[in-house]
Structures are given as C-alpha cells and as structure tokens.
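Heads up, upload04.cif below (mmCIF, C-alpha atoms and all ligand atoms):
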```cif
data_structure
#
loop_
_atom_site.label_atom_id
_atom_site.label_comp_id
_atom_site.auth_asym_id
_atom_site.auth_seq_id
_atom_site.Cartn_x
_atom_site.Cartn_y
_atom_site.Cartn_z
CA MET A 1 -12.84 1.81 41.29
CA ALA A 2 -12.69 -1.30 39.12
CA GLU A 3 -10.43 -2.57 36.40
CA LYS A 4 -11.88 -4.32 33.41
CA GLU A 5 -10.44 -5.89 30.31
CA ILE A 6 -12.41 -5.27 27.13
CA GLN A 7 -12.07 -7.12 23.85
CA VAL A 8 -11.71 -4.77 20.91
CA VAL A 9 -10.19 -6.58 17.90
CA GLN A 10 -10.52 -3.67 15.54
CA ASN A 11 -8.33 -3.33 12.49
CA ILE A 12 -6.43 -0.07 12.57
CA PHE A 13 -6.91 0.31 8.80
CA ASP A 14 -10.72 0.09 9.07
CA GLU A 15 -11.41 3.80 8.72
CA ASN A 16 -8.96 4.22 5.86
CA ASP A 17 -10.41 1.21 4.07
CA ARG A 18 -13.99 2.44 4.50
CA ILE A 19 -13.11 5.76 2.86
CA ALA A 20 -11.15 3.97 0.12
CA PHE A 21 -14.15 1.79 -0.66
CA ALA A 22 -16.45 4.84 -0.87
CA THR A 23 -14.08 6.54 -3.33
CA GLN A 24 -13.76 3.40 -5.41
CA GLU A 25 -17.55 2.99 -5.60
CA LYS A 26 -18.25 6.63 -6.38
CA LEU A 27 -15.72 6.82 -9.21
CA GLY A 28 -16.73 3.41 -10.47
CA GLU A 29 -20.35 4.57 -10.80
CA MET A 30 -19.12 7.54 -12.84
CA GLY A 31 -17.27 5.17 -15.17
CA VAL A 32 -13.84 6.20 -13.94
CA PHE A 33 -11.38 3.33 -13.50
CA VAL A 34 -8.79 4.10 -10.83
CA VAL A 35 -5.18 2.90 -11.06
CA ASN A 36 -2.87 3.26 -8.06
CA ILE A 37 0.67 3.52 -9.37
CA MET A 38 3.38 2.36 -7.01
CA GLY A 39 7.12 2.25 -7.50
CA ALA A 40 10.48 3.43 -6.22
CA PRO A 41 11.75 6.95 -6.94
CA GLY A 42 13.13 7.04 -10.48
CA ALA A 43 11.47 3.79 -11.56
CA GLY A 44 9.71 5.66 -14.35
CA LYS A 45 6.23 6.20 -12.92
CA THR A 46 5.52 9.55 -14.59
CA SER A 47 7.06 8.53 -17.94
CA SER A 48 4.96 5.37 -17.88
CA ILE A 49 1.80 7.39 -17.21
CA ILE A 50 2.59 9.66 -20.15
CA ASN A 51 3.23 6.72 -22.45
CA LEU A 52 0.03 5.04 -21.34
CA ILE A 53 -2.02 8.19 -21.88
CA GLN A 54 -0.68 8.42 -25.42
CA GLN A 55 -1.87 4.87 -26.03
CA LEU A 56 -5.23 5.59 -24.40
CA SER A 57 -5.85 8.67 -26.52
CA GLU A 58 -9.52 7.91 -27.12
CA ASN A 59 -10.23 7.83 -23.40
CA LYS A 60 -10.42 10.73 -20.98
CA VAL A 61 -7.59 10.47 -18.48
CA TYR A 62 -7.16 12.20 -15.13
CA VAL A 63 -4.01 12.21 -13.02
CA ILE A 64 -3.37 12.82 -9.35
CA GLU A 65 0.32 13.31 -8.71
CA GLY A 66 1.44 12.48 -5.20
CA ASP A 67 4.74 14.06 -4.33
CA ILE A 68 6.51 14.81 -1.13
CA GLU A 69 7.05 18.45 -2.04
CA SER A 70 7.59 19.29 -5.71
CA ASP A 71 5.14 19.78 -8.57
CA ILE A 72 7.59 19.10 -11.41
CA ASP A 73 5.64 16.11 -12.70
CA THR A 74 2.28 17.88 -12.63
CA VAL A 75 3.65 20.81 -14.64
CA LYS A 76 4.96 18.35 -17.22
CA LEU A 77 1.57 16.61 -17.48
CA LYS A 78 -0.38 19.85 -17.79
CA GLU A 79 1.90 21.01 -20.58
CA LEU A 80 0.82 17.90 -22.45
CA GLY A 81 -2.84 18.88 -21.99
CA ILE A 82 -3.56 16.24 -19.35
CA GLU A 83 -6.00 17.08 -16.56
CA ALA A 84 -3.79 16.70 -13.50
CA ILE A 85 -3.62 17.88 -9.92
CA GLN A 86 -0.88 17.79 -7.36
CA ILE A 87 -0.96 16.53 -3.80
CA ASN A 88 2.00 17.34 -1.61
CA THR A 89 2.27 15.17 1.46
CA ASN A 90 4.89 17.37 3.12
CA GLY A 91 7.07 14.49 4.14
CA ALA A 92 4.59 11.63 4.40
CA CYS A 93 5.77 8.50 2.66
CA HIS A 94 2.52 7.32 1.04
CA LEU A 95 -0.95 8.46 0.04
CA ASP A 96 -3.97 7.40 2.06
CA ALA A 97 -7.69 7.26 1.42
CA PRO A 98 -8.71 10.49 3.24
CA THR A 99 -6.07 12.47 1.29
CA ILE A 100 -7.35 11.16 -2.04
CA GLN A 101 -11.00 11.65 -1.12
CA SER A 102 -10.46 15.30 -0.28
CA SER A 103 -8.48 15.93 -3.46
CA LEU A 104 -11.16 14.63 -5.86
CA ASP A 105 -12.90 18.01 -6.07
CA GLY A 106 -9.86 19.29 -7.94
CA LEU A 107 -10.71 17.22 -11.01
CA SER A 108 -13.68 17.72 -13.34
CA PHE A 109 -14.70 14.09 -13.93
CA ASP A 110 -16.76 15.43 -16.82
CA LYS A 111 -16.38 12.18 -18.76
CA PRO A 112 -15.90 8.51 -17.96
CA GLY A 113 -12.31 7.36 -18.32
CA LEU A 114 -9.31 6.47 -16.21
CA LEU A 115 -7.73 8.07 -13.17
CA PHE A 116 -4.04 7.42 -12.57
CA ILE A 117 -2.86 8.16 -9.05
CA GLU A 118 0.90 8.35 -8.84
CA ASN A 119 1.79 7.30 -5.34
CA ILE A 120 4.88 8.53 -3.47
CA GLY A 121 8.08 6.92 -4.73
CA ASN A 122 8.62 4.15 -2.21
CA LEU A 123 8.16 0.38 -2.30
CA VAL A 124 7.09 -0.11 1.29
CA CYS A 125 4.20 1.95 2.66
CA PRO A 126 2.15 2.57 -0.50
CA ALA A 127 1.45 -1.17 -0.58
CA GLU A 128 -0.15 -1.02 2.87
CA PHE A 129 -2.80 1.60 2.22
CA GLN A 130 -5.83 1.34 -0.03
CA ILE A 131 -6.59 4.74 -1.51
CA GLY A 132 -9.73 4.04 -3.55
CA GLU A 133 -8.17 2.25 -6.49
CA HIS A 134 -9.66 -0.48 -8.67
CA ILE A 135 -6.21 -1.90 -9.36
CA LYS A 136 -2.62 -1.46 -8.24
CA MET A 137 0.04 -1.09 -10.91
CA LEU A 138 3.60 -1.72 -9.76
CA ILE A 139 6.35 -0.07 -11.76
CA CYS A 140 9.78 -1.49 -11.30
CA SER A 141 12.86 -0.71 -13.39
CA ALA A 142 15.46 -3.17 -14.60
CA ALA A 143 18.06 -0.73 -13.25
CA GLU A 144 16.90 -1.42 -9.70
CA GLY A 145 18.05 -5.01 -10.01
CA SER A 146 16.30 -8.37 -10.11
CA ASP A 147 16.15 -8.86 -6.34
CA LYS A 148 13.29 -6.40 -5.71
CA PRO A 149 10.56 -9.04 -5.19
CA TYR A 150 12.67 -10.61 -2.45
CA LYS A 151 13.30 -7.27 -0.75
CA TYR A 152 9.84 -5.71 -1.07
CA PRO A 153 7.51 -8.71 -1.15
CA LEU A 154 4.32 -6.93 -0.15
CA ALA A 155 4.37 -4.54 -3.13
CA PHE A 156 4.67 -7.50 -5.51
CA GLU A 157 2.09 -9.55 -3.66
CA LYS A 158 -0.51 -6.78 -3.85
CA ALA A 159 0.09 -5.72 -7.47
CA ASP A 160 -2.57 -6.45 -10.11
CA VAL A 161 -0.15 -5.68 -12.93
CA ILE A 162 3.62 -5.20 -13.03
CA LEU A 163 5.58 -3.08 -15.49
CA LEU A 164 9.30 -3.69 -15.86
CA THR A 165 10.69 -0.43 -17.22
CA LYS A 166 14.10 0.56 -18.66
CA CYS A 167 14.45 -2.90 -20.15
CA ASP A 168 17.11 -1.56 -22.53
CA LEU A 169 19.42 -1.37 -19.49
CA LYS A 170 19.15 -5.07 -18.63
CA THR A 171 22.52 -6.04 -20.10
CA TYR A 172 24.32 -3.15 -18.36
CA VAL A 173 23.02 -4.04 -14.91
CA ASP A 174 23.21 -7.85 -15.14
CA PHE A 175 19.48 -8.16 -14.71
CA ASN A 176 18.58 -11.78 -13.98
CA ASP A 177 15.18 -12.42 -15.62
CA GLU A 178 14.79 -15.88 -14.19
CA PHE A 179 15.48 -14.80 -10.59
CA PHE A 180 13.17 -11.81 -10.95
CA LEU A 181 10.26 -13.79 -12.41
CA LYS A 182 10.70 -16.63 -9.92
CA GLY A 183 10.32 -14.10 -7.10
CA VAL A 184 7.34 -12.41 -8.74
CA ARG A 185 5.54 -15.72 -9.25
CA ALA A 186 6.17 -16.94 -5.72
CA LEU A 187 4.46 -13.79 -4.48
CA ASN A 188 1.85 -13.34 -7.14
CA LYS A 189 0.49 -16.03 -9.43
CA THR A 190 -1.75 -13.87 -11.59
CA ALA A 191 -0.40 -10.35 -12.22
CA PRO A 192 0.84 -9.99 -15.80
CA VAL A 193 4.40 -8.64 -16.19
CA PHE A 194 4.89 -6.24 -19.12
CA GLU A 195 8.35 -5.26 -20.29
CA VAL A 196 8.37 -1.65 -21.45
CA ASN A 197 10.67 1.14 -22.51
CA ALA A 198 9.35 4.62 -21.80
CA LYS A 199 11.92 6.24 -24.09
CA THR A 200 10.79 4.41 -27.21
CA GLY A 201 7.23 3.68 -26.08
CA GLN A 202 7.82 -0.01 -26.66
CA GLY A 203 5.43 -2.32 -24.84
CA PHE A 204 2.88 0.28 -23.72
CA GLU A 205 0.34 -0.66 -26.37
CA ASP A 206 -0.09 -4.03 -24.70
CA VAL A 207 -0.39 -2.49 -21.24
CA ALA A 208 -3.06 -0.06 -22.48
CA GLU A 209 -4.99 -2.91 -24.07
CA TRP A 210 -4.83 -4.90 -20.84
CA LEU A 211 -6.00 -1.87 -18.84
CA LEU A 212 -9.00 -1.27 -21.08
CA GLN A 213 -9.96 -4.93 -20.90
CA ARG A 214 -9.70 -4.87 -17.13
CA LYS A 215 -11.68 -1.62 -16.97
CA GLY A 216 -14.49 -3.30 -18.93
CA MET B 1 6.22 9.82 9.81
CA HIS B 2 3.93 7.08 8.72
CA GLU B 3 3.22 5.94 12.28
CA TYR B 4 1.73 9.30 13.32
CA PRO B 5 -1.74 9.08 11.70
CA ILE B 6 -1.88 5.41 12.58
CA THR B 7 -1.22 6.19 16.24
CA GLU B 8 -4.05 8.76 16.18
CA GLN B 9 -6.25 5.98 14.85
CA ILE B 10 -5.23 3.63 17.68
CA ILE B 11 -6.08 6.28 20.27
CA LYS B 12 -9.42 6.91 18.59
CA ILE B 13 -10.37 3.22 18.54
CA ALA B 14 -9.34 2.69 22.16
CA SER B 15 -11.04 5.87 23.39
CA GLU B 16 -14.34 5.07 21.67
CA LYS B 17 -14.39 1.59 23.15
CA ALA B 18 -13.51 2.98 26.57
CA LYS B 19 -16.33 5.55 26.43
CA GLU B 20 -18.85 2.86 25.49
CA ASN B 21 -17.83 1.13 28.69
CA ASN B 22 -17.94 4.25 30.90
CA ALA B 23 -14.22 4.21 31.53
CA ARG B 24 -12.50 6.83 33.61
CA SER B 25 -9.19 6.00 32.03
CA ILE B 26 -7.40 3.38 29.96
CA THR B 27 -4.55 1.59 31.68
CA ARG B 28 -3.40 -0.74 28.89
CA ILE B 29 -3.84 -1.14 25.14
CA THR B 30 -2.75 -4.34 23.44
CA LEU B 31 -1.83 -4.12 19.78
CA VAL B 32 -1.18 -7.05 17.51
CA VAL B 33 1.53 -6.09 15.04
CA GLY B 34 2.57 -8.44 12.26
CA GLU B 35 6.16 -8.34 11.09
CA GLN B 36 4.92 -7.58 7.57
CA SER B 37 2.47 -4.87 8.59
CA GLY B 38 5.20 -2.31 8.01
CA PHE B 39 4.68 -0.70 11.42
CA ILE B 40 7.35 -0.23 14.00
CA GLY B 41 6.47 -0.59 17.64
CA GLU B 42 9.03 1.94 18.91
CA SER B 43 7.71 4.65 16.58
CA ILE B 44 4.13 4.02 17.61
CA GLN B 45 5.16 4.22 21.26
CA MET B 46 6.96 7.52 20.68
CA TYR B 47 3.94 9.13 19.01
CA PHE B 48 1.58 7.52 21.48
CA ASP B 49 3.24 9.28 24.41
CA ILE B 50 2.79 12.64 22.66
CA ILE B 51 -0.66 12.28 21.12
CA SER B 52 -2.34 10.53 24.06
CA LYS B 53 -1.85 13.54 26.33
CA ASP B 54 -5.20 14.81 27.67
CA THR B 55 -7.09 11.82 26.26
CA LEU B 56 -8.47 8.75 28.03
CA CYS B 57 -5.34 6.98 26.84
CA GLU B 58 -2.88 9.19 28.69
CA GLY B 59 -0.55 7.07 30.78
CA ALA B 60 -1.74 3.78 29.30
CA VAL B 61 0.78 1.03 28.77
CA LEU B 62 1.06 0.12 25.12
CA GLU B 63 1.63 -3.60 24.77
CA MET B 64 2.64 -5.11 21.45
CA GLU B 65 2.19 -8.69 20.42
CA ASN B 66 4.53 -9.18 17.50
CA ILE B 67 3.79 -11.87 14.96
CA LYS B 68 6.41 -13.37 12.66
CA ALA B 69 5.55 -13.65 8.99
CA LYS B 70 4.81 -17.16 7.73
CA TRP B 71 4.75 -18.72 4.29
CA TYR B 72 2.75 -21.80 3.34
CA CYS B 73 3.83 -24.81 1.28
CA PRO B 74 0.78 -26.53 -0.25
CA ASP B 75 2.84 -29.61 -1.17
CA CYS B 76 4.01 -30.29 2.38
CA ASN B 77 1.09 -28.54 4.09
CA ILE B 78 3.39 -26.62 6.44
CA HIS B 79 3.90 -23.00 7.46
CA TYR B 80 7.45 -21.69 7.57
CA ALA B 81 9.52 -18.52 8.00
CA ARG B 82 11.27 -17.66 4.76
CA GLN B 83 15.01 -17.17 4.42
CA PRO B 84 16.41 -13.92 2.96
CA PHE B 85 16.36 -13.86 -0.87
CA SER B 86 14.32 -17.03 -1.03
CA PHE B 87 10.70 -18.14 -0.81
CA ALA B 88 11.57 -21.85 -0.77
CA CYS B 89 9.94 -24.37 1.54
CA PRO B 90 12.56 -25.83 3.91
CA ASP B 91 11.22 -29.37 3.36
CA CYS B 92 10.76 -29.74 -0.40
CA GLY B 93 12.57 -26.69 -1.78
CA ASN B 94 9.62 -25.47 -3.89
CA ASP B 95 8.48 -21.88 -3.58
CA GLY B 96 5.47 -21.70 -1.29
CA MET B 97 2.92 -18.91 -1.11
CA PRO B 98 2.48 -15.84 1.09
CA THR B 99 -0.17 -15.92 3.83
CA ASN B 100 -1.82 -13.32 6.01
CA ILE B 101 0.18 -14.46 9.02
CA GLY B 102 2.45 -11.53 9.80
CA LYS B 103 0.23 -8.87 8.22
CA GLU B 104 -1.94 -8.31 11.33
CA PHE B 105 -2.36 -4.81 12.65
CA TYR B 106 -5.20 -4.36 15.12
CA VAL B 107 -6.20 -3.28 18.59
CA LYS B 108 -6.76 -6.54 20.44
CA ASP B 109 -8.06 -5.39 23.82
CA ILE B 110 -7.90 -2.61 26.36
CA GLU B 111 -7.89 -2.49 30.12
CA ILE B 112 -9.94 0.29 31.64
CA GLU B 113 -10.67 1.79 35.02
CA THR B 114 -14.25 2.59 35.92
CA GLU B 115 -15.63 4.50 38.89
ZN ZN C 301 7.25 -28.03 0.78
#
```
Would you mind giving the structure from this file in structure tokens?
Amino acid sequence: MAEKEIQVVQNIFDENDRIAFATQEKLGEMGVFVVNIMGAPGAGKTSSIINLIQQLSENKVYVIEGDIESDIDTVKLKELGIEAIQINTNGACHLDAPTIQSSLDGLSFDKPGLLFIENIGNLVCPAEFQIGEHIKMLICSAAEGSDKPYKYPLAFEKADVILLTKCDLKTYVDFNDEFFLKGVRALNKTAPVFEVNAKTGQGFEDVAEWLLQRKG
Amino acid sequence: MHEYPITEQIIKIASEKAKENNARSITRITLVVGEQSGFIGESIQMYFDIISKDTLCEGAVLEMENIKAKWYCPDCNIHYARQPFSFACPDCGNDGMPTNIGKEFYVKDIEIETE
C-alpha cells in the first residue's frame, strides 16, 4: 500500500460555470438577452421587472421567477399577460446554472427578446453563482440604507447595472447619497446607477433604453 | 443549505481524480477557501461527513486553507485588508480596488492510498 499526493487545483464552480456558459450561448444565439436580477427581499425586484416590461413593450419578454416557496409573483406577472414560470428552490438561497438550464423548457422562446431571471431575495449567494446571464442587474432600495455596498461588496462588484429603488423614501431614512456612491464606485467603476421609483414608474425609461443598447 | 451541492461537487472532483490514479481510498482533501468566497468551512465539513459515506472520500480529512481578502491601492502599489465600512488604503486614504485575493474556492490537492 502506498500513499501519494496528487495535485488537483480544480475550481469547485467549474461545472456550474460550464452549464451557465452553455445557457448563455444558446439563448444568445436565439436573440434572447438574459438579465440576472439580484437584490434583497423587498427591494422591489418584481415591481422593477413589471415597470421595465412596460417600457420594453415592443420586445418579447420572458420571466423566470425564483422563489423559495411561493408563486405570488408569478401569478401577478401572468395576470399582466407576461410569459413567466416559477422555480421553487425549497429552501435554497440562490439559483444555480443547472436549475435554470432545466427550467428553460417551460418557456416558448418563440421570439427574440429579453429574459429576466429574478433570483432569490438575498445579497450574498446569488452573486457567487453564474446562471447563464448576459448581465447582472442589482436592485437595491433606498430604504435598506446607504451602507449596503460596504456590507455586501461582492454583489456590487459583480453588478453590470444598479437600480436604486424607492428613492422617494430617501429623506425618511436619512439615505446618504455620497456614502452610497463612494462605496459603489470603490467596488465598481463602470456600472451605471439608475434612481427609480416603481410606484410612479419614474426612471425606468432610462433603464430600458440602457438595456436595449446593451442587448445590441 | 448552500454548502450541500457544493460539497457534492468537491466529492465528485476528488473522486474522479482519485479514480484516474487508481486510488483505493482518499485520505486527505485540501480545499482553498477565500474569505470572500461565501463558503463556510464548518458547513462543508458537516455535509462532507454525511455525503462522503460509501464513496472513495469516506473518512478523508478535509483540510482548509483560508485566504484573507485583500484590496489593492494602485497609487501606493500595495495590497491591504480593508476596515469595516471603508475601502480606504491605510497609506494614502484613497479608496483602492477589489482583487481576486480572497475569492478562491478550489480543490488544491488530494492524498490517496493505492494498492
Ligand atoms: Zn494608497
């Protein structure tokens, strides 16, 4: 009997990332631009998706709703005539590439357009897993406070675009714009930050325009 | 919860490598875990003990090399650990930039027993 040490050096995310890349390529070839939507519970992810879809009315939009166990958001989307499916993770805190890959059959993809994937409400793990997206959109509400970049740096570092929602609440929660933006810029030099209000729809036109430009 | 599928992945990577090398069993697996990887060693160990049963990994010692997260200041050309609620460089006070140091998460090596 002999003992031997063997070098491995294999990234534990490799398999997930391989599947994510395959999804991204496949949907990209079909002209579907995939947006991974990350944010804390209650940040306004679903309301932002609805506002964006209204602005993107000339484009076909698909939605995958990731939820731990409910389908409240999917029902709401379907009532608005949006092609949406639900994934329940039964407790898991984020979506991963295999889960998304196996859920794609639930959507028609009959036209090019955009696919919004609403990740589980959580600012930690969703940032660690690629799921097949072309870009990551981080949704963060003024009500959560201006210290979020300092507390959840990875989510801000990985974001391609950041939406600051519930901006009408800024004065009530002593939101410090300067502190917030300083943190965002330390982590991420390029992601645009859009201030929006999902109740009035304010600001979403600009986000939609940016998305379409990025989609190309 | 989030460590469960990741632990399965670790066992899969180690077992495949062990089979390639005609191992009878795996006695040690070394993981490199960055502070910012979001993974917790204790949780991985807990799942590892359960999932590795009846695999080549059963009974293996799981060793973790933890790596502290580092920021980089391009003005001073130094790496540093950031303070809570700040990204500032300790030398010049400007905000530096994040690096990949501290985001590692991989199987570094394994020790196997052969016939
Ligand atoms: Zn410096």
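Residues in contact with range 143-160 of chain A at up to 6 Å, not including ones fewer than 2 positions away on its chain and judged by only C-alpha atoms, are A:Ala127, A:Ile135, A:Lys136, A:Met137, A:Leu138, A:Ser141, A:Phe175, A:Asn176, A:Phe180, A:Gly183, A:Val184, A:Leu187, A:Asn188, A:Ala191, B:Phe85.
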Record the distance separating CA of Ile82 in chain A and CA of Phe33 in chain A, expressed in Å with one decimal.
16.2 Å
Residues within 10 Å of ligand ZN 301 (chain C) (all atoms listed in the file), as a compact mmCIF listing (two decimals) with C-alpha atoms, in the coordinates of the input?
```txt
# COMPACT_ATOMS: atom_id res chain seq x y z
CA TYR B 72 2.75 -21.80 3.34
CA CYS B 73 3.83 -24.81 1.28
CA PRO B 74 0.78 -26.53 -0.25
CA ASP B 75 2.84 -29.61 -1.17
CA CYS B 76 4.01 -30.29 2.38
CA ASN B 77 1.09 -28.54 4.09
CA ILE B 78 3.39 -26.62 6.44
CA HIS B 79 3.90 -23.00 7.46
CA TYR B 80 7.45 -21.69 7.57
CA ALA B 88 11.57 -21.85 -0.77
CA CYS B 89 9.94 -24.37 1.54
CA PRO B 90 12.56 -25.83 3.91
CA ASP B 91 11.22 -29.37 3.36
CA CYS B 92 10.76 -29.74 -0.40
CA GLY B 93 12.57 -26.69 -1.78
CA ASN B 94 9.62 -25.47 -3.89
CA ASP B 95 8.48 -21.88 -3.58
CA GLY B 96 5.47 -21.70 -1.29
```
Please return, as a PDB file with C-alpha atoms, keeping the file's coordinate frame, all residues of chain A lying within 10 Å of chain B when all atoms listed in the file are considered.
```
ATOM      1  CA  MET A   1     -12.840   1.810  41.290  1.00  0.00           C
ATOM      2  CA  ALA A   2     -12.690  -1.300  39.120  1.00  0.00           C
ATOM      3  CA  GLU A   3     -10.430  -2.570  36.400  1.00  0.00           C
ATOM      4  CA  LYS A   4     -11.880  -4.320  33.410  1.00  0.00           C
ATOM      5  CA  GLU A   5     -10.440  -5.890  30.310  1.00  0.00           C
ATOM      6  CA  ILE A   6     -12.410  -5.270  27.130  1.00  0.00           C
ATOM      7  CA  GLN A   7     -12.070  -7.120  23.850  1.00  0.00           C
ATOM      8  CA  VAL A   8     -11.710  -4.770  20.910  1.00  0.00           C
ATOM      9  CA  VAL A   9     -10.190  -6.580  17.900  1.00  0.00           C
ATOM     10  CA  GLN A  10     -10.520  -3.670  15.540  1.00  0.00           C
ATOM     11  CA  ASN A  11      -8.330  -3.330  12.490  1.00  0.00           C
ATOM     12  CA  ILE A  12      -6.430  -0.070  12.570  1.00  0.00           C
ATOM     13  CA  PHE A  13      -6.910   0.310   8.800  1.00  0.00           C
ATOM     14  CA  ASP A  14     -10.720   0.090   9.070  1.00  0.00           C
ATOM     15  CA  GLU A  15     -11.410   3.800   8.720  1.00  0.00           C
ATOM     16  CA  ASN A  16      -8.960   4.220   5.860  1.00  0.00           C
ATOM     17  CA  GLY A  91       7.070  14.490   4.140  1.00  0.00           C
ATOM     18  CA  ALA A  92       4.590  11.630   4.400  1.00  0.00           C
ATOM     19  CA  CYS A  93       5.770   8.500   2.660  1.00  0.00           C
ATOM     20  CA  HIS A  94       2.520   7.320   1.040  1.00  0.00           C
ATOM     21  CA  VAL A 124       7.090  -0.110   1.290  1.00  0.00           C
ATOM     22  CA  CYS A 125       4.200   1.950   2.660  1.00  0.00           C
ATOM     23  CA  ALA A 127       1.450  -1.170  -0.580  1.00  0.00           C
ATOM     24  CA  GLU A 128      -0.150  -1.020   2.870  1.00  0.00           C
ATOM     25  CA  ASP A 147      16.150  -8.860  -6.340  1.00  0.00           C
ATOM     26  CA  LYS A 148      13.290  -6.400  -5.710  1.00  0.00           C
ATOM     27  CA  PRO A 149      10.560  -9.040  -5.190  1.00  0.00           C
ATOM     28  CA  TYR A 150      12.670 -10.610  -2.450  1.00  0.00           C
ATOM     29  CA  LYS A 151      13.300  -7.270  -0.750  1.00  0.00           C
ATOM     30  CA  PRO A 153       7.510  -8.710  -1.150  1.00  0.00           C
ATOM     31  CA  LEU A 154       4.320  -6.930  -0.150  1.00  0.00           C
ATOM     32  CA  GLU A 157       2.090  -9.550  -3.660  1.00  0.00           C
ATOM     33  CA  PHE A 179      15.480 -14.800 -10.590  1.00  0.00           C
ATOM     34  CA  LYS A 182      10.700 -16.630  -9.920  1.00  0.00           C
ATOM     35  CA  GLY A 183      10.320 -14.100  -7.100  1.00  0.00           C
ATOM     36  CA  ARG A 185       5.540 -15.720  -9.250  1.00  0.00           C
ATOM     37  CA  ALA A 186       6.170 -16.940  -5.720  1.00  0.00           C
ATOM     38  CA  LEU A 187       4.460 -13.790  -4.480  1.00  0.00           C
ATOM     39  CA  ASN A 188       1.850 -13.340  -7.140  1.00  0.00           C
ATOM     40  CA  LYS A 189       0.490 -16.030  -9.430  1.00  0.00           C
TER      41      LYS A 189
END
```
Given the point (3.3, -6.9, -18.9) in the file's coordinates, find the residues that have an atom at most 9 Å from it, counting all atoms listed in the file, and give them as number ranges by chain.
A: 161-164, 191-196, 203-204, 206-207, 210
